[in-house]
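Participant: If it helps, the file is called coords-v8.txt and holds compact mmCIF, C-alpha atoms and all ligand atoms:
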```txt
# COMPACT_ATOMS: atom_id res chain seq x y z
CA MET A 84 64.48 130.91 134.37
CA VAL A 85 62.44 133.04 131.98
CA GLU A 86 59.59 133.14 134.47
CA TYR A 87 61.86 134.54 137.20
CA ARG A 88 63.63 136.91 134.87
CA ILE A 89 60.60 138.51 133.26
CA LYS A 90 57.44 137.73 135.13
CA LYS A 91 58.44 137.41 138.79
CA PRO A 92 61.53 139.49 139.38
CA PHE A 93 63.32 137.98 142.36
CA PRO A 94 66.59 138.99 144.03
CA VAL A 95 69.29 137.03 142.22
CA VAL A 96 72.04 135.05 143.92
CA GLN A 97 75.39 135.72 142.24
CA THR A 98 77.67 132.69 142.42
CA LYS A 99 81.45 133.03 142.86
CA GLU A 100 81.87 131.96 139.25
CA MET A 101 79.48 134.66 138.02
CA ILE A 102 81.31 137.34 140.00
CA LEU A 103 84.68 136.21 138.62
CA GLY A 104 83.21 136.15 135.10
CA SER A 105 81.87 139.71 135.49
CA ALA A 106 85.24 140.93 136.75
CA VAL A 107 87.07 139.26 133.84
CA HIS A 108 84.71 140.89 131.33
CA SER A 109 85.16 144.27 132.96
CA VAL A 110 88.98 144.01 132.86
CA PHE A 111 88.95 142.95 129.19
CA GLU A 112 86.42 145.64 128.27
CA LYS A 113 88.10 148.60 129.95
CA GLY A 114 91.72 147.48 130.13
CA TRP A 115 92.31 145.41 127.00
CA LYS A 116 94.74 147.85 125.42
CA ASP A 117 97.52 147.79 127.96
CA ARG A 118 98.50 145.85 131.02
CA ASP A 119 98.74 148.89 133.35
CA THR A 120 95.12 149.88 132.68
CA ALA A 121 94.08 146.25 133.06
CA LEU A 122 95.82 146.03 136.44
CA GLN A 123 94.07 149.19 137.62
CA VAL A 124 90.65 147.83 136.55
CA MET A 125 91.54 144.53 138.21
CA LYS A 126 92.19 146.28 141.51
CA GLU A 127 88.85 148.10 141.29
CA GLU A 128 86.98 144.85 140.56
CA ILE A 129 88.69 143.01 143.44
CA GLU A 130 87.68 145.83 145.78
CA LYS A 131 84.14 146.17 144.37
CA TYR A 132 83.31 142.48 144.84
CA LYS A 133 85.45 142.00 147.96
CA MET A 134 86.99 139.04 146.18
CA THR A 135 88.84 136.30 148.04
CA LYS A 136 92.59 135.94 147.50
CA ALA A 137 92.00 132.80 145.44
CA ASP A 138 89.55 134.57 143.11
CA ALA A 139 91.81 137.64 142.86
CA ASN A 140 94.67 135.29 141.86
CA ASN A 141 92.47 133.67 139.22
CA LEU A 142 91.56 137.09 137.85
CA ALA A 143 95.27 137.99 137.64
CA PHE A 144 96.01 134.66 135.95
CA TYR A 145 93.27 135.13 133.33
CA THR A 146 94.52 138.66 132.67
CA ASP A 147 98.07 137.34 132.12
CA ILE A 148 96.76 134.66 129.74
CA PHE A 149 94.84 137.34 127.85
CA PHE A 150 97.90 139.56 127.32
CA LEU A 151 100.20 136.64 126.49
CA ASN A 152 97.95 134.81 124.06
CA PHE A 153 95.04 136.87 122.79
CA ARG A 154 95.72 140.60 123.04
CA HIS A 155 97.64 140.65 119.74
CA MET A 156 94.53 139.45 117.89
CA LEU A 157 92.51 142.58 118.75
CA TYR A 158 92.21 146.03 117.14
CA ASP A 159 91.20 149.58 118.00
CA ASP A 160 88.12 149.45 115.79
CA ASP A 161 86.70 146.32 117.48
CA GLN A 162 83.18 146.37 118.82
CA ILE A 163 83.20 145.54 122.51
CA GLU A 164 80.20 144.23 124.49
CA TYR A 165 78.09 144.48 121.34
CA SER A 166 74.36 144.27 122.18
CA PHE A 167 71.84 142.96 119.66
CA LYS A 168 68.07 142.66 119.44
CA ILE A 169 66.87 140.84 116.34
CA PRO A 170 63.20 140.45 115.48
CA LEU A 171 62.27 136.79 114.92
CA HIS A 172 58.51 137.04 114.49
CA ASP A 173 55.32 138.31 116.19
CA ASN A 174 56.92 140.61 118.71
CA VAL A 175 59.56 137.99 119.55
CA PHE A 176 63.18 139.10 119.63
CA LEU A 177 66.53 137.38 119.91
CA VAL A 178 68.45 139.47 122.43
CA GLY A 179 72.04 139.15 123.55
CA LYS A 180 75.50 140.58 123.79
CA MET A 181 78.77 139.54 122.12
CA ASP A 182 81.92 140.06 124.16
CA ARG A 183 83.89 141.28 121.17
CA ILE A 184 83.68 141.52 117.40
CA SER A 185 87.12 141.96 115.91
CA ARG A 186 87.16 142.42 112.14
CA GLY A 187 84.50 139.78 111.58
CA ASN A 188 85.73 137.44 114.32
CA ILE A 189 83.44 137.01 117.32
CA PHE A 190 85.18 136.25 120.62
CA ASP A 191 83.55 135.07 123.82
CA TRP A 192 85.73 134.99 126.94
CA LYS A 193 85.26 131.96 129.19
CA SER A 194 86.69 131.95 132.67
CA GLY A 195 86.86 128.60 134.46
CA GLY A 196 85.88 125.17 133.23
CA LYS A 197 87.15 123.22 130.26
CA LEU A 198 85.95 123.98 126.78
CA PRO A 199 84.61 121.11 124.68
CA LYS A 200 86.75 119.84 121.80
CA SER A 201 84.12 120.71 119.22
CA LEU A 202 81.59 123.54 119.15
CA SER A 203 79.25 122.53 116.36
CA ASN A 204 76.31 122.07 118.75
CA ASP A 205 77.00 125.06 121.00
CA VAL A 206 73.80 127.09 121.27
CA GLN A 207 75.53 130.34 122.23
CA CYS A 208 77.79 130.14 119.16
CA MET A 209 74.85 129.34 116.90
CA ILE A 210 72.99 132.38 118.21
CA TYR A 211 76.03 134.63 117.67
CA ASP A 212 76.50 133.26 114.17
CA PHE A 213 72.82 133.86 113.36
CA ALA A 214 72.86 137.34 114.92
CA TYR A 215 75.97 138.40 113.02
CA ARG A 216 74.51 137.24 109.70
CA SER A 217 71.24 139.05 110.41
CA ILE A 218 72.89 142.32 111.41
CA PHE A 219 75.81 142.54 108.98
CA GLU A 220 74.28 140.51 106.13
CA LYS A 221 77.38 138.36 105.73
CA GLU A 222 79.03 135.42 107.46
CA PRO A 223 81.31 136.07 110.43
CA SER A 224 84.95 135.18 109.76
CA SER A 225 84.81 133.04 112.90
CA VAL A 226 82.93 132.55 116.14
CA CYS A 227 85.32 131.47 118.91
CA LEU A 228 85.09 130.61 122.58
CA VAL A 229 88.27 131.58 124.39
CA GLY A 230 89.08 129.36 127.38
CA LEU A 231 91.20 131.53 129.64
CA GLY A 232 92.00 128.75 132.13
CA GLU A 233 93.42 126.59 129.35
CA ALA A 234 94.71 129.43 127.13
CA ARG A 235 92.80 127.77 124.33
CA LEU A 236 90.63 129.13 121.54
CA VAL A 237 87.99 126.84 120.08
CA PRO A 238 86.31 127.85 116.82
CA PHE A 239 82.66 127.09 116.17
CA VAL A 240 82.01 124.90 113.13
CA LYS A 241 78.54 125.38 111.72
CA ASN A 242 76.46 122.22 111.30
CA GLU A 243 73.22 122.64 109.33
CA LEU A 244 71.43 119.88 111.22
CA PHE A 245 71.97 121.45 114.66
CA TYR A 246 71.27 124.90 113.27
CA ARG A 247 67.96 123.87 111.73
CA GLU A 248 66.84 122.03 114.85
CA LEU A 249 67.60 125.03 117.05
CA PHE A 250 65.92 127.68 114.94
CA THR A 251 62.96 125.72 113.55
CA LYS A 252 62.10 123.52 116.55
CA ILE A 253 63.74 124.38 119.84
CA ILE A 254 63.43 128.18 119.86
CA PRO A 255 59.82 128.15 118.55
CA ARG A 256 58.93 125.61 121.26
CA MET A 257 60.54 127.84 123.91
CA VAL A 258 58.54 130.82 122.61
CA LYS A 259 55.36 128.75 122.83
CA THR A 260 56.17 127.70 126.38
CA ILE A 261 56.73 131.30 127.42
CA LYS A 262 53.50 132.48 125.76
CA ASN A 263 51.52 129.66 127.43
CA GLU A 264 53.38 130.05 130.71
CA SER A 265 53.65 126.28 130.82
CA TYR A 266 57.05 126.21 132.50
CA GLU A 267 58.64 123.08 133.90
CA LYS A 268 61.56 123.04 136.32
CA LEU A 269 63.78 121.13 133.90
CA GLY A 270 66.95 122.44 135.55
CA MET A 271 66.26 120.03 138.41
CA PHE A 272 66.96 117.15 136.06
CA ASN A 273 69.99 118.42 134.17
CA HIS A 274 72.11 119.71 137.09
CA SER A 275 71.58 123.40 136.21
CA CYS A 276 70.00 124.52 139.49
CA PHE A 277 73.17 124.72 141.58
CA ARG A 278 74.50 127.58 139.46
CA CYS A 279 71.16 129.25 138.75
CA GLN A 280 70.85 132.79 140.05
CA TYR A 281 67.11 132.36 140.58
CA LYS A 282 67.31 129.21 142.68
CA ASN A 283 66.13 130.86 145.90
CA GLY A 284 62.97 132.11 144.23
CA CYS A 285 62.43 128.87 142.37
CA LEU A 286 63.36 126.19 144.87
CA GLY A 287 63.23 127.98 148.20
CA LYS A 288 65.33 126.16 150.77
CA ALA A 289 65.40 122.89 148.85
CA GLU A 290 68.85 121.35 148.35
CA VAL A 291 70.16 120.81 144.83
CA ASP A 292 73.05 118.64 143.67
CA GLU A 293 76.15 120.11 142.06
S1 LIG A 301 66.49 126.80 140.02
FE1 LIG A 301 66.61 125.16 138.52
S2 LIG A 301 64.53 124.76 137.85
FE2 LIG A 301 64.55 126.76 138.89
S3 LIG A 301 64.82 128.27 137.26
FE3 LIG A 301 66.85 127.75 138.04
S4 LIG A 301 67.61 126.07 136.72
FE4 LIG A 301 65.36 126.25 136.41
```
Go ahead and render the structure in this file as structure tokens.
Facilitator:
Amino acid sequence: MVEYRIKKPFPVVQTKEMILGSAVHSVFEKGWKDRDTALQVMKEEIEKYKMTKADANNLAFYTDIFFLNFRHMLYDDDQIEYSFKIPLHDNVFLVGKMDRISRGNIFDWKSGGKLPKSLSNDVQCMIYDFAYRSIFEKEPSSVCLVGLGEARLVPFVKNELFYRELFTKIIPRMVKTIKNESYEKLGMFNHSCFRCQYKNGCLGKAEVDE
């Protein structure tokens, strides 16, 4: 993916799930305070993406779940869509965006799919945890994935073994791969290609399993 993102920019293919995810984030970013604003943003997103009735219904459902279950946990002084760029070493940066930081709690909205029972080995949560510590020089109160389809919030539980493996082995190996440009199409073997936005550039007309 890195190759197509940085080195060979290629028109991306947005999947239905990605479009729904973008619309959900937009509604929660601009309309989180009150339902009327959220409904207005929802309408704009449905129009912008020419969403199907089924997807528009899902967006409305996720918005309802948000106001029923999670809105009360948020505050005016929250940081929304918080971007970070943290130097790791030698001109290498950890770059990303957190959906919301609310008084030390990091929330990531997940539309569709079931969340796992435990999040101790979740790479995204580990990165957020690391980023928060680096930026604010303290531990986050929590890092949580919020499953909108299930109305469920799953907190990340830090595990030193996973953490060490990610930051001392896996990320350095990824950096090495990028520097050497020795990419392999590993997505073909772990069922990632079907939802990859670069699949046309990478695989051409080849079929991939879902
Ligand atoms: S199409 Fe598959 S192999 Fe190619 S970049 Fe995407 S996930 Fe990787």
Participant: Could you pull out the residues sitting within 6 Å of ligand LIG 301 (chain A), using all atoms listed in the file, and write them as a PyMOL selection string?
Facilitator: chain A and resi 84+268-271+275-276+279+281-282+285-286
Participant: Tell me, in Å to one decimal, how far atom CA of A:Gly179 is from atom CA of A:Asn140.
Facilitator: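 Those two atoms sit 29.4 Å apart.
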Participant: Would you mind reading off the distance between atom CA of A:Tyr158 and atom CA of A:Ser185, one decimal, in Å?
Facilitator: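 Here the two named atoms are 6.6 Å from each other.
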Participant: When distances are computed from only C-alpha atoms, which of A:Ile184, A:Ala234, A:Val95, A:Leu244 shows the smallest separation from A:Leu198?
Facilitator: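 Closest to A:Leu198 of all the choices is A:Ala234.
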Participant: Hey, which of A:Asn174, A:Glu243, A:His274, A:Arg186 ends up closest to A:Lys262? Count only C-alpha atoms.
Facilitator: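 Checking each candidate against A:Lys262, we get A:Asn174 as the closest.
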Participant: For atom CA of A:Arg278 and atom CA of A:Gln97, determine how far apart the two atoms are, in Å to one decimal place.
Facilitator: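 The value is 8.6 Å.
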Participant: Of the candidates A:Leu236, A:Lys116, A:Ile189, A:Arg216, which one gets nearest to A:Ser201 if we count only C-alpha atoms?
Facilitator: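 Closest to A:Ser201 of all the choices is A:Leu236.
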Participant: Excluding same-chain residues fewer than 3 positions from stretch 238-240 of chain A, what lies within 12 Å of it counting all atoms listed in the file, as a PyMOL selection string?
Facilitator: chain A and resi 188-191+198-212+223-230+235+243-246
Participant: Quick one: residues within 10 Å of stretch 252-261 of chain A, only C-alpha atoms counted, chain neighbours fewer than 5 positions away excluded, as a list of chain:residue names?
Facilitator: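 The contact residues come out as A:Val85, A:Glu86, A:Leu171, A:His172, A:Val175, A:Phe176, A:Leu177, A:Tyr246, A:Arg247, A:Tyr266, A:Glu267.
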Participant: Give me the residues of stretch 151-252 of chain A that have any atom at most 12 Å from an atom of stretch 121-138 of chain A; for each, the nearest atom pair and the distance in Å, rounded to one decimal. Use only C-alpha atoms, sort by chain and number, and format it as a tab-separated table.
Facilitator:
```
residue	atom	partner	partner_atom	distance
A:Arg154	CA	A:Ala121	CA	11.6
A:Ser194	CA	A:Asp138	CA	11.1
A:Gly195	CA	A:Asp138	CA	10.8
```
Participant: The selected residues should be written to file as a CSV table (one decimal), keeping the file's coordinate frame (atoms: C-alpha atoms).
Facilitator:
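Written output follows (selection_9.csv):
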```csv
chain,number,residue,atom,x,y,z
A,154,ARG,CA,95.7,140.6,123.0
A,194,SER,CA,86.7,132.0,132.7
A,195,GLY,CA,86.9,128.6,134.5
```
Participant: Looking at only C-alpha atoms, which of A:Glu100, A:Glu248, A:Glu220, A:Asp159 is the one that sits closest to A:Asn141?
Facilitator: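 The answer is A:Glu100, which sits nearest to A:Asn141.
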Participant: With only C-alpha atoms as the atoms that count, which of A:Asp119, A:Gln280, A:Met156, A:Leu142 lies nearest to A:Met101?
Facilitator: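 Closest to A:Met101, using only C-alpha atoms: A:Gln280.
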